[in-house]
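Structure file final.txt (compact mmCIF, C-alpha atoms) follows.
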```txt
# COMPACT_ATOMS: atom_id res chain seq x y z
CA MET A 737 0.00 0.00 0.00
CA ARG A 738 1.28 3.43 -0.95
CA LYS A 739 0.92 5.98 1.86
CA GLN A 740 1.37 9.73 1.47
CA PHE A 741 1.06 12.45 4.05
CA ILE A 742 0.87 16.07 2.86
CA LYS A 743 1.50 18.53 5.70
CA ASN A 744 1.45 22.29 6.21
CA ILE A 745 -0.92 22.84 3.28
CA LYS A 746 -1.60 26.56 2.91
CA GLY A 747 -5.12 25.80 1.66
CA LEU A 748 -6.93 22.48 1.11
CA VAL A 749 -9.48 23.47 -1.54
CA GLN A 750 -12.96 22.11 -2.27
CA VAL A 751 -12.88 19.92 0.82
CA GLY A 752 -15.81 18.61 2.86
CA GLU A 753 -18.12 15.69 3.46
CA ASN A 754 -21.40 17.32 2.49
CA LEU A 755 -20.57 19.35 -0.58
CA PRO A 756 -23.32 19.39 -3.24
CA SER A 757 -23.05 17.57 -6.56
CA ALA A 758 -23.44 20.89 -8.37
CA ILE A 759 -23.35 24.57 -7.39
CA ARG A 760 -25.46 27.39 -8.83
CA GLY A 761 -26.26 31.06 -8.38
CA GLN A 762 -24.92 32.79 -5.29
CA GLN A 763 -23.34 29.53 -4.10
CA MET A 764 -20.72 29.89 -6.86
CA GLN A 765 -19.03 32.65 -4.84
CA HIS A 766 -18.21 30.29 -1.98
CA LEU A 767 -15.23 27.92 -2.19
CA PRO A 768 -14.47 25.69 0.82
CA VAL A 769 -10.81 26.07 1.81
CA LEU A 770 -9.24 24.55 4.92
CA GLU A 771 -6.20 26.62 5.86
CA ASP A 772 -3.01 25.24 7.40
CA ALA A 773 -4.17 21.72 6.75
CA TYR A 774 -2.95 18.17 6.28
CA LEU A 775 -4.10 15.39 3.96
CA ALA A 776 -3.45 11.66 4.26
CA LEU A 777 -3.72 9.33 1.24
CA GLU A 778 -3.54 5.56 0.94
CA ASP A 779 -3.29 4.35 -2.67
CA ASN A 780 -4.55 7.81 -3.66
CA THR A 781 -7.68 7.43 -1.50
CA VAL A 782 -8.33 10.17 1.05
CA VAL A 783 -8.20 8.56 4.51
CA ASP A 784 -7.85 11.66 6.68
CA TYR A 785 -7.60 15.44 6.54
CA GLY A 786 -7.90 18.35 8.93
CA LEU A 787 -6.13 21.30 10.52
CA MET A 788 -2.46 20.90 11.36
CA SER A 789 -3.31 22.07 14.87
CA ASP A 790 -5.69 19.10 15.21
CA TRP A 791 -3.38 16.53 13.63
CA PRO A 792 -3.34 13.40 15.81
CA GLY A 793 0.09 12.31 14.58
CA ILE A 794 1.27 9.14 12.87
CA THR A 795 2.39 6.26 15.02
CA ASP A 796 3.91 4.22 12.20
CA TRP A 797 6.00 6.24 9.73
CA ARG A 798 7.27 3.22 7.82
CA ASP A 799 6.64 3.43 4.07
CA VAL A 800 4.98 6.86 4.37
CA GLU A 801 5.99 9.54 1.89
CA VAL A 802 5.89 12.89 3.69
CA ILE A 803 5.33 15.95 1.50
CA ASP A 804 5.78 19.44 2.92
CA ALA A 805 3.26 21.79 1.24
CA THR A 806 4.23 24.97 3.06
CA ASN A 807 2.81 27.95 1.11
CA CYS A 808 1.22 25.57 -1.42
CA TYR A 809 -2.37 24.63 -2.15
CA VAL A 810 -3.95 21.22 -2.76
CA LEU A 811 -7.09 21.13 -4.88
CA PRO A 812 -9.01 18.65 -7.01
CA ALA A 813 -7.57 18.33 -10.50
CA PHE A 814 -9.64 20.28 -13.01
CA ILE A 815 -12.09 18.43 -15.24
CA ASP A 816 -12.38 19.09 -18.97
CA SER A 817 -15.92 18.23 -20.02
CA HIS A 818 -15.64 19.32 -23.68
CA THR A 819 -12.71 18.42 -25.96
CA HIS A 820 -11.93 17.18 -29.47
CA ALA A 821 -8.56 15.77 -28.42
CA VAL A 822 -8.41 13.05 -31.09
CA PHE A 823 -7.43 14.62 -34.42
CA ALA A 824 -4.96 14.02 -37.22
CA ALA A 825 -3.24 17.38 -37.66
CA SER A 826 -3.11 20.99 -36.57
CA ARG A 827 -4.73 23.76 -38.67
CA GLU A 828 -2.41 26.74 -38.29
CA GLU A 829 -2.93 27.67 -41.94
CA GLU A 830 -6.52 28.61 -41.05
CA PHE A 831 -5.18 30.66 -38.15
CA VAL A 832 -3.29 32.72 -40.71
CA ASP A 833 -6.45 32.96 -42.87
CA ARG A 834 -8.27 34.50 -39.91
CA ILE A 835 -5.44 36.97 -39.35
CA ARG A 836 -5.96 38.01 -42.96
CA GLY A 837 -9.63 38.65 -42.34
CA LEU A 838 -11.60 35.46 -43.03
CA SER A 839 -14.14 34.37 -40.41
CA TYR A 840 -14.44 30.83 -39.05
CA GLU A 841 -17.63 30.36 -41.07
CA GLU A 842 -15.99 31.69 -44.26
CA ILE A 843 -13.09 29.28 -43.85
CA ALA A 844 -15.57 26.41 -43.40
CA ALA A 845 -17.50 27.46 -46.51
CA LYS A 846 -14.38 27.06 -48.67
CA GLY A 847 -13.67 23.54 -47.41
CA GLY A 848 -11.65 24.34 -44.33
CA GLY A 849 -12.57 23.89 -40.70
CA ILE A 850 -14.14 20.61 -39.66
CA LEU A 851 -14.07 19.22 -43.21
CA ASN A 852 -10.32 19.88 -43.34
CA SER A 853 -9.81 17.84 -40.15
CA ALA A 854 -12.08 15.10 -41.50
CA ARG A 855 -10.02 14.67 -44.67
CA LYS A 856 -6.79 14.34 -42.70
CA LEU A 857 -8.26 11.99 -40.11
CA ASN A 858 -9.76 9.60 -42.64
CA ASP A 859 -6.32 9.28 -44.25
CA MET A 860 -4.54 8.47 -40.96
CA PRO A 861 -4.19 4.85 -39.76
CA GLU A 862 -5.83 4.03 -36.44
CA ALA A 863 -2.56 3.18 -34.67
CA GLU A 864 -1.03 6.49 -35.74
CA LEU A 865 -4.13 8.38 -34.59
CA PHE A 866 -3.93 6.67 -31.19
CA ASN A 867 -0.25 7.48 -30.73
CA ALA A 868 -0.80 11.14 -31.59
CA ALA A 869 -3.72 11.42 -29.15
CA LYS A 870 -1.78 9.56 -26.45
CA LYS A 871 1.01 12.16 -26.55
CA ARG A 872 -1.57 14.96 -26.26
CA ILE A 873 -3.31 13.40 -23.28
CA GLU A 874 -0.01 12.92 -21.46
CA LYS A 875 0.44 16.70 -21.76
CA ILE A 876 -3.17 17.32 -20.74
CA ILE A 877 -2.70 15.34 -17.52
CA ALA A 878 0.61 17.07 -16.79
CA ALA A 879 -1.22 20.40 -17.08
CA GLY A 880 -3.54 19.41 -14.21
CA THR A 881 -6.57 17.83 -15.87
CA GLY A 882 -7.92 14.83 -13.96
CA ALA A 883 -10.87 13.75 -16.14
CA LEU A 884 -11.66 14.27 -19.78
CA GLU A 885 -14.40 14.10 -22.39
CA ILE A 886 -13.41 13.39 -26.00
CA LYS A 887 -15.74 13.77 -28.97
CA SER A 888 -15.70 12.11 -32.35
CA GLY A 889 -16.79 14.28 -35.27
CA TYR A 890 -13.70 14.45 -37.45
CA GLY A 891 -14.56 11.22 -39.24
CA LEU A 892 -17.87 12.23 -40.83
CA SER A 893 -18.11 8.76 -42.40
CA LEU A 894 -18.99 5.30 -41.16
CA ASP A 895 -15.38 4.13 -40.99
CA GLY A 896 -13.95 7.45 -39.83
CA GLU A 897 -16.33 7.92 -36.91
CA LEU A 898 -15.88 4.33 -35.75
CA LYS A 899 -12.10 4.72 -36.01
CA MET A 900 -12.21 7.79 -33.78
CA LEU A 901 -14.43 6.16 -31.19
CA ARG A 902 -12.27 3.02 -31.12
CA VAL A 903 -9.22 5.19 -30.53
CA ILE A 904 -11.02 6.89 -27.64
CA ALA A 905 -11.81 3.43 -26.22
CA GLN A 906 -8.10 2.56 -26.40
CA LEU A 907 -7.23 5.81 -24.63
CA LYS A 908 -9.71 4.99 -21.86
CA ALA A 909 -7.98 1.65 -21.33
CA HIS A 910 -4.50 3.19 -21.41
CA PHE A 911 -4.80 6.13 -19.03
CA PRO A 912 -5.56 6.19 -15.29
CA ILE A 913 -7.88 9.21 -15.52
CA ALA A 914 -11.60 8.99 -16.32
CA ILE A 915 -12.31 9.53 -20.02
CA LYS A 916 -15.83 9.80 -21.45
CA ALA A 917 -16.65 9.40 -25.16
CA THR A 918 -19.17 11.46 -27.11
CA PHE A 919 -20.46 10.57 -30.58
CA LEU A 920 -20.49 13.75 -32.68
CA GLY A 921 -21.16 12.42 -36.16
CA ALA A 922 -23.40 15.47 -36.65
CA HIS A 923 -20.45 17.87 -36.47
CA ALA A 924 -20.70 19.02 -40.10
CA LEU A 925 -22.18 17.79 -43.35
CA PRO A 926 -19.50 15.84 -45.28
CA GLN A 927 -18.77 16.78 -48.87
CA ALA A 928 -20.12 13.46 -50.14
CA PHE A 929 -23.56 14.31 -48.71
CA LYS A 930 -23.59 18.00 -49.61
CA GLU A 931 -26.79 17.54 -51.64
CA ASN A 932 -28.23 14.79 -49.42
CA ARG A 933 -28.63 15.95 -45.83
CA THR A 934 -31.28 13.34 -45.07
CA GLY A 935 -29.04 10.59 -46.41
CA TYR A 936 -26.23 11.54 -44.01
CA ILE A 937 -28.54 11.74 -41.02
CA ASP A 938 -29.96 8.33 -41.99
CA LEU A 939 -26.38 7.00 -42.02
CA LEU A 940 -25.80 8.33 -38.51
CA ILE A 941 -29.03 6.90 -37.15
CA ASN A 942 -29.39 3.62 -39.02
CA GLU A 943 -25.78 2.50 -39.44
CA LEU A 944 -23.50 4.26 -36.97
CA LEU A 945 -25.68 4.27 -33.86
CA PRO A 946 -26.35 0.50 -33.87
CA GLN A 947 -22.63 -0.25 -34.28
CA ILE A 948 -21.63 2.23 -31.58
CA ALA A 949 -24.10 0.59 -29.21
CA LYS A 950 -22.92 -2.91 -30.16
CA GLU A 951 -19.29 -2.03 -29.34
CA ASN A 952 -20.20 0.23 -26.39
CA LEU A 953 -18.14 3.06 -27.86
CA ALA A 954 -19.83 6.15 -26.37
CA GLU A 955 -21.68 7.49 -23.35
CA TYR A 956 -23.01 10.66 -24.98
CA ILE A 957 -24.30 12.01 -28.29
CA ASP A 958 -23.73 15.51 -29.61
CA VAL A 959 -24.99 17.65 -32.49
CA PHE A 960 -23.65 20.98 -33.77
CA CYS A 961 -26.96 22.84 -33.83
CA GLU A 962 -25.99 26.01 -35.68
CA ARG A 963 -26.64 27.91 -38.89
CA ASN A 964 -24.88 26.26 -41.83
CA TYR A 965 -24.56 23.03 -39.82
CA PHE A 966 -27.59 21.20 -38.35
CA THR A 967 -31.09 22.55 -37.79
CA LEU A 968 -33.12 22.35 -34.62
CA GLU A 969 -35.34 19.68 -36.17
CA GLU A 970 -32.32 17.63 -37.27
CA MET A 971 -30.78 17.93 -33.80
CA THR A 972 -33.98 16.71 -32.19
CA ARG A 973 -34.23 13.73 -34.52
CA ILE A 974 -30.61 12.69 -33.93
CA LEU A 975 -30.80 13.09 -30.15
CA GLU A 976 -34.00 11.09 -29.96
CA ALA A 977 -32.38 8.32 -32.00
CA GLY A 978 -29.35 8.33 -29.71
CA ALA A 979 -31.54 8.07 -26.63
CA LYS A 980 -32.91 4.76 -27.93
CA TYR A 981 -29.37 3.40 -27.63
CA GLY A 982 -28.77 4.88 -24.19
CA LEU A 983 -26.68 7.84 -25.36
CA LYS A 984 -27.32 11.03 -23.38
CA PRO A 985 -27.20 14.46 -25.06
CA LYS A 986 -24.23 16.84 -24.63
CA VAL A 987 -24.73 19.35 -27.40
CA HIS A 988 -23.11 22.29 -29.22
CA VAL A 989 -25.58 25.22 -29.27
CA ASN A 990 -25.59 29.01 -29.64
CA GLN A 991 -22.00 29.45 -30.81
CA PHE A 992 -22.87 31.95 -33.55
CA SER A 993 -26.67 32.21 -33.49
CA ILE A 994 -29.78 31.44 -31.45
CA MET A 995 -31.98 28.73 -32.94
CA GLY A 996 -33.92 27.40 -29.95
CA GLY A 997 -31.41 24.59 -29.36
CA VAL A 998 -30.93 25.31 -25.67
CA GLY A 999 -34.56 24.83 -24.70
CA ALA A 1000 -34.92 21.79 -26.97
CA ALA A 1001 -31.83 20.16 -25.45
CA VAL A 1002 -33.05 20.84 -21.91
CA ASP A 1003 -36.39 19.27 -22.84
CA GLN A 1004 -34.44 16.15 -23.87
CA ASN A 1005 -32.66 16.08 -20.50
CA ALA A 1006 -29.28 17.03 -21.93
CA VAL A 1007 -26.42 16.54 -19.50
CA SER A 1008 -24.94 19.80 -20.79
CA VAL A 1009 -25.35 22.50 -23.41
CA ASP A 1010 -22.00 23.84 -24.56
CA HIS A 1011 -20.73 27.08 -26.13
CA LEU A 1012 -23.56 29.57 -25.40
CA GLU A 1013 -21.65 32.56 -26.73
CA GLU A 1014 -25.08 33.84 -27.72
CA LEU A 1015 -27.96 33.80 -25.22
CA ASP A 1016 -31.47 35.19 -25.00
CA ASP A 1017 -34.06 35.32 -22.25
CA ALA A 1018 -35.68 32.07 -23.38
CA ASP A 1019 -32.34 30.26 -23.08
CA LEU A 1020 -31.78 31.66 -19.60
CA ALA A 1021 -35.28 30.63 -18.54
CA ALA A 1022 -34.71 27.10 -19.84
CA LEU A 1023 -31.47 26.76 -17.86
CA SER A 1024 -32.76 28.41 -14.69
CA ASN A 1025 -32.93 25.73 -11.96
CA SER A 1026 -32.37 23.06 -14.62
CA ALA A 1027 -30.15 20.00 -14.06
CA THR A 1028 -28.59 20.64 -17.49
CA VAL A 1029 -25.11 22.14 -17.10
CA ALA A 1030 -24.33 25.31 -19.09
CA THR A 1031 -20.71 24.91 -20.25
CA LEU A 1032 -18.81 27.95 -21.47
CA LEU A 1033 -15.67 27.67 -23.62
CA PRO A 1034 -13.67 30.89 -23.25
CA GLY A 1035 -10.64 29.46 -25.09
CA CYS A 1036 -12.73 29.27 -28.26
CA SER A 1037 -14.03 32.82 -27.85
CA HIS A 1038 -10.48 34.07 -27.34
CA PHE A 1039 -9.01 32.24 -30.33
CA LEU A 1040 -11.83 33.07 -32.78
CA THR A 1041 -12.38 36.60 -31.45
CA ILE A 1042 -16.10 35.97 -30.96
CA PRO A 1043 -18.17 37.03 -27.93
CA PHE A 1044 -17.46 35.39 -24.61
CA GLY A 1045 -20.33 33.58 -22.92
CA ASN A 1046 -22.20 35.69 -20.37
CA ALA A 1047 -21.25 33.88 -17.18
CA ARG A 1048 -22.82 36.50 -14.95
CA LYS A 1049 -26.24 36.21 -16.59
CA LEU A 1050 -26.13 32.43 -16.30
CA MET A 1051 -25.23 32.57 -12.62
CA ASP A 1052 -27.88 35.22 -11.97
CA ALA A 1053 -30.39 32.91 -13.67
CA ASN A 1054 -29.46 30.14 -11.20
CA ALA A 1055 -28.02 27.90 -13.90
CA ILE A 1056 -25.29 25.33 -13.21
CA LEU A 1057 -22.23 26.84 -14.89
CA ALA A 1058 -19.13 24.86 -15.94
CA LEU A 1059 -16.03 25.75 -17.92
CA ALA A 1060 -14.12 23.61 -20.43
CA SER A 1061 -11.32 23.97 -22.97
CA ASP A 1062 -12.97 22.96 -26.28
CA PHE A 1063 -9.47 21.74 -27.16
CA ASN A 1064 -9.39 21.18 -30.93
CA PRO A 1065 -7.10 22.00 -33.87
CA GLY A 1066 -9.31 24.67 -35.43
CA SER A 1067 -11.01 26.94 -32.94
CA SER A 1068 -9.33 26.28 -29.57
CA PRO A 1069 -5.86 24.71 -29.83
CA SER A 1070 -5.15 24.82 -26.10
CA TYR A 1071 -5.85 22.20 -23.44
CA HIS A 1072 -4.58 24.27 -20.49
CA LEU A 1073 -7.43 24.65 -18.03
CA MET A 1074 -5.34 27.08 -15.99
CA ASN A 1075 -5.60 29.36 -19.03
CA VAL A 1076 -9.35 28.77 -19.11
CA LEU A 1077 -9.44 29.80 -15.45
CA SER A 1078 -7.64 33.05 -16.31
CA LEU A 1079 -9.82 33.81 -19.33
CA ALA A 1080 -12.96 33.23 -17.26
CA CYS A 1081 -11.76 35.77 -14.71
CA ILE A 1082 -10.31 38.32 -17.14
CA LYS A 1083 -12.86 38.20 -19.96
CA MET A 1084 -16.04 36.95 -18.28
CA LYS A 1085 -15.50 38.68 -14.93
CA MET A 1086 -15.89 35.52 -12.89
CA THR A 1087 -14.16 35.56 -9.52
CA PRO A 1088 -11.42 32.95 -8.99
CA GLU A 1089 -13.75 31.14 -6.58
CA GLU A 1090 -16.55 30.99 -9.16
CA ALA A 1091 -14.19 29.80 -11.88
CA ILE A 1092 -12.64 27.08 -9.71
CA ASN A 1093 -16.13 25.84 -8.82
CA ALA A 1094 -16.92 25.77 -12.54
CA LEU A 1095 -13.80 23.70 -13.29
CA THR A 1096 -14.23 21.22 -10.43
CA ILE A 1097 -17.64 20.41 -8.94
CA ASN A 1098 -19.72 21.69 -11.86
CA ALA A 1099 -17.39 20.27 -14.51
CA ALA A 1100 -17.71 16.91 -12.74
CA ALA A 1101 -21.51 17.25 -13.03
CA ALA A 1102 -21.11 17.90 -16.76
CA LEU A 1103 -19.47 14.47 -17.07
CA GLU A 1104 -21.66 12.73 -14.47
CA LEU A 1105 -18.61 12.23 -12.25
CA SER A 1106 -19.99 13.92 -9.15
CA GLU A 1107 -19.57 10.81 -7.01
CA THR A 1108 -15.86 10.50 -7.72
CA HIS A 1109 -14.36 13.79 -8.92
CA GLY A 1110 -14.24 17.50 -8.27
CA LYS A 1111 -13.98 17.55 -4.48
CA ILE A 1112 -11.85 16.25 -1.62
CA ALA A 1113 -13.64 13.98 0.86
CA LEU A 1114 -13.02 10.81 2.83
CA GLY A 1115 -12.94 7.69 0.70
CA ARG A 1116 -12.56 9.55 -2.59
CA LYS A 1117 -9.87 8.97 -5.20
CA SER A 1118 -10.43 12.22 -7.06
CA PRO A 1119 -7.19 13.23 -8.82
CA LEU A 1120 -5.44 16.01 -6.91
CA VAL A 1121 -3.05 18.84 -7.74
CA LEU A 1122 -0.35 20.20 -5.47
CA THR A 1123 0.59 23.73 -6.53
CA LYS A 1124 3.92 25.43 -6.28
CA GLU A 1125 4.24 28.15 -3.64
CA LEU A 1126 1.53 30.77 -4.18
CA PRO A 1127 0.75 34.02 -2.36
CA SER A 1128 -2.98 33.31 -2.72
CA LEU A 1129 -5.44 31.12 -4.61
CA ALA A 1130 -6.31 34.05 -6.90
CA TYR A 1131 -2.71 33.95 -8.14
CA LEU A 1132 -3.63 30.87 -10.23
CA ALA A 1133 -5.73 33.09 -12.49
CA TYR A 1134 -3.67 36.25 -12.09
CA ALA A 1135 -0.30 34.89 -13.21
CA TYR A 1136 -1.64 33.40 -16.41
CA THR A 1137 1.65 32.41 -18.05
CA GLU A 1138 3.22 30.66 -15.06
CA ASP A 1139 3.31 26.91 -14.48
CA HIS A 1140 1.61 26.57 -11.10
CA ILE A 1141 1.66 22.79 -10.77
CA GLN A 1142 4.23 21.05 -8.60
CA ARG A 1143 2.75 17.55 -8.56
CA ILE A 1144 -0.32 15.58 -9.59
CA PHE A 1145 -1.83 12.68 -7.62
CA ILE A 1146 -3.75 10.18 -9.76
```
The structure in this file should be written as structure tokens.
Amino acid sequence: MRKQFIKNIKGLVQVGENLPSAIRGQQMQHLPVLEDAYLALEDNTVVDYGLMSDWPGITDWRDVEVIDATNCYVLPAFIDSHTHAVFAASREEEFVDRIRGLSYEEIAAKGGGILNSARKLNDMPEAELFNAAKKRIEKIIAAGTGALEIKSGYGLSLDGELKMLRVIAQLKAHFPIAIKATFLGAHALPQAFKENRTGYIDLLINELLPQIAKENLAEYIDVFCERNYFTLEEMTRILEAGAKYGLKPKVHVNQFSIMGGVGAAVDQNAVSVDHLEELDDADLAALSNSATVATLLPGCSHFLTIPFGNARKLMDANAILALASDFNPGSSPSYHLMNVLSLACIKMKMTPEEAINALTINAAAALELSETHGKIALGRKSPLVLTKELPSLAYLAYAYTEDHIQRIFI
């Protein structure tokens, strides 16, 4: 048995035995922190914690690793509930196109964007795709992420989508962190079906979904409900088909326009609705007091120079608010959730406490990991992060280019 004792912790964050599974509204401002604390782990399971002044001592120090965390914080590893971490190649050429004045939608209209990634992915062998994704996820974990969602959606064909989902299954088996898979065949309309939208949706529903269910390749289903992509009616049809195979909705909505997708997704008991750069009163009403998590992706807003999601309105509406990276090669090529924390504070005017809640407890809710991740409590194995020396917890967001992580416990 591996025993670890972390002493003199400046702040033990998100700790407690009765913390809720999700936090909303005014509660987002409150972050439980135990100051001058200790934490005892056995095989990464929390067996004891408390104030150093109340520490009962250890009678048997054999085989115990003692870690001095003076001036350092311990907090649950962040959770990334929205990524596209399996892809074939970067798309920096489109980055240059945007510098020269083209919009994301204009680049997509000329065959770039998602279709560009799909062409490259379909040409890449499965083993090569796995190895590339494996290297990325090693970096993601080193940056402090303790659980991850990965979407398909760069295959846009029967073989390509299955290849992606099988790679995600291999990544699940390889890594010690929790990884959830989302089927996003409805990410864009492939060139081969440009004049046959119904035919492609039939392929998703009648051929891909049965095979995904047979191989148990996904937990969730997603649709990019947006102008020039998939309509509200198409989203509803695809989500209803996925539900018949036990796939729960986690959907892209309101990135560029408002089409009623938020309310429709909530009506279908979506686990989360993601993006939400655009919001209206009907969307806020649908999310108010709803169990559906509203997930904002400030890295995408920053990279595409589009509006940032209105975090304050969502919190005022009593929605459950989470943050995620949207890590992908086209619109958000960064997996660093510490950067997401900073962007949320700088650009969306969230306090550090609100943003940390959104990246821990609420992000866990967005992946249905509330029983295992996002908080520190007795008997839990939630991945943990030990920071370097910090003057305060707010410094995590303030010093946005620094590497704050000293060690990760998984």
* To do: Would you kindly return, as a PyMOL selection string, each protein, DNA or RNA residue with an atom no farther than 12 Å from any atom of Leu1103 of chain A, considering only C-alpha atoms and excluding same-chain residues fewer than 3 positions away?
  => chain A and resi 757-758+815-819+882-886+914-918+955-956+984-986+1006-1009+1028-1029+1031+1058-1060+1095-1100+1106-1110
* May I ask which of the residues A:Val987, A:Leu925, A:Val782, A:Leu968 is the closest one to Ile937 of chain A, counting all atoms listed in the file? => A:Leu925
* To do: With all atoms listed in the file counted, which protein, DNA or RNA residues have an atom no more than 7 Å from (-27.8, 13.8, -35.3) in the file frame? Please answer as an NGL selection string.
  => :A and (921-922 or 937 or 940 or 959 or 970-971 or 973-975)
* Asked: So, counting all atoms listed in the file, which residue among A:Gly849, A:Gly889, A:Gly935, A:Gly837 is closest to His923 of chain A?
  ->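 Between A:Gly849, A:Gly889, A:Gly935, A:Gly837, the residue approaching His923 of chain A most closely is A:Gly889.
Compared by their closest atoms to Leu901 of chain A, and using only C-alpha atoms, the residues A:Ala868, A:Ala954, A:Ala1027, A:Ala854 rank with A:Ala954 nearest.
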* Hey, which of A:Met1051, A:Leu1122, A:Ile994, A:Met1074 ends up closest to Gln765 of chain A? Count all atoms listed in the file. ->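 Looking at the shortest contact to Gln765 of chain A, the residue is A:Met1051.
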* May I have the residues at most 12 Å from (-2.7, 2.7, -0.6) in the file's coordinates, counting all atoms listed in the file, as a ChimeraX atom specification? => /A:737-741,776-783,799-801,1115,1117,1146
* Structure fact -> Using all atoms listed in the file, the residue out of A:Thr1123, A:Ser1078, A:Ser893, A:Gln762 with shortest distance to Tyr1136 of chain A is A:Ser1078
* Structure fact -> Counting only C-alpha atoms, the residue among A:Leu1073, A:Leu894, A:Leu1105, A:Cys1081 that lies closest to Ala879 of chain A is A:Leu1073
Missing atoms in segment 874-891 of chain A should be modelled up to N, CA and C atoms and reported as an mmCIF file, keeping the file's coordinate frame.
```
data_model
loop_
_atom_site.group_PDB
_atom_site.id
_atom_site.type_symbol
_atom_site.label_atom_id
_atom_site.label_comp_id
_atom_site.auth_asym_id
_atom_site.auth_seq_id
_atom_site.Cartn_x
_atom_site.Cartn_y
_atom_site.Cartn_z
ATOM 1 N N GLU A 874 -1.087 12.854 -22.458
ATOM 2 C CA GLU A 874 -0.010 12.920 -21.460
ATOM 3 C C GLU A 874 0.259 14.377 -21.071
ATOM 4 N N LYS A 875 0.247 15.272 -22.044
ATOM 5 C CA LYS A 875 0.440 16.700 -21.760
ATOM 6 C C LYS A 875 -0.763 17.282 -21.018
ATOM 7 N N ILE A 876 -1.958 16.845 -21.399
ATOM 8 C CA ILE A 876 -3.170 17.320 -20.740
ATOM 9 C C ILE A 876 -3.156 16.977 -19.255
ATOM 10 N N ILE A 877 -2.768 15.756 -18.926
ATOM 11 C CA ILE A 877 -2.700 15.340 -17.520
ATOM 12 C C ILE A 877 -1.622 16.142 -16.788
ATOM 13 N N ALA A 878 -0.471 16.310 -17.419
ATOM 14 C CA ALA A 878 0.610 17.070 -16.790
ATOM 15 C C ALA A 878 0.215 18.508 -16.504
ATOM 16 N N ALA A 879 -0.750 19.028 -17.278
ATOM 17 C CA ALA A 879 -1.220 20.400 -17.080
ATOM 18 C C ALA A 879 -2.301 20.495 -15.999
ATOM 19 N N GLY A 880 -2.643 19.369 -15.357
ATOM 20 C CA GLY A 880 -3.540 19.410 -14.210
ATOM 21 C C GLY A 880 -4.966 18.977 -14.457
ATOM 22 N N THR A 881 -5.225 18.325 -15.582
ATOM 23 C CA THR A 881 -6.570 17.830 -15.870
ATOM 24 C C THR A 881 -6.703 16.392 -15.368
ATOM 25 N N GLY A 882 -7.752 16.133 -14.589
ATOM 26 C CA GLY A 882 -7.920 14.830 -13.960
ATOM 27 C C GLY A 882 -9.062 14.006 -14.495
ATOM 28 N N ALA A 883 -9.805 14.510 -15.456
ATOM 29 C CA ALA A 883 -10.870 13.750 -16.140
ATOM 30 C C ALA A 883 -11.157 14.483 -17.439
ATOM 31 N N LEU A 884 -11.651 13.737 -18.433
ATOM 32 C CA LEU A 884 -11.660 14.270 -19.780
ATOM 33 C C LEU A 884 -12.820 13.695 -20.576
ATOM 34 N N GLU A 885 -13.468 14.553 -21.361
ATOM 35 C CA GLU A 885 -14.400 14.100 -22.390
ATOM 36 C C GLU A 885 -13.739 14.266 -23.741
ATOM 37 N N ILE A 886 -13.939 13.293 -24.637
ATOM 38 C CA ILE A 886 -13.410 13.390 -26.000
ATOM 39 C C ILE A 886 -14.536 13.076 -26.975
ATOM 40 N N LYS A 887 -14.695 13.942 -27.966
ATOM 41 C CA LYS A 887 -15.740 13.770 -28.970
ATOM 42 C C LYS A 887 -15.171 13.165 -30.253
ATOM 43 N N SER A 888 -16.016 12.419 -30.963
ATOM 44 C CA SER A 888 -15.700 12.110 -32.350
ATOM 45 C C SER A 888 -16.116 13.323 -33.173
ATOM 46 N N GLY A 889 -16.327 13.156 -34.484
ATOM 47 C CA GLY A 889 -16.790 14.280 -35.270
ATOM 48 C C GLY A 889 -15.829 14.757 -36.332
ATOM 49 N N TYR A 890 -14.630 14.154 -36.366
ATOM 50 C CA TYR A 890 -13.700 14.450 -37.450
ATOM 51 C C TYR A 890 -13.591 13.278 -38.422
ATOM 52 N N GLY A 891 -14.496 12.313 -38.292
ATOM 53 C CA GLY A 891 -14.560 11.220 -39.240
ATOM 54 C C GLY A 891 -15.557 11.516 -40.342
#
```
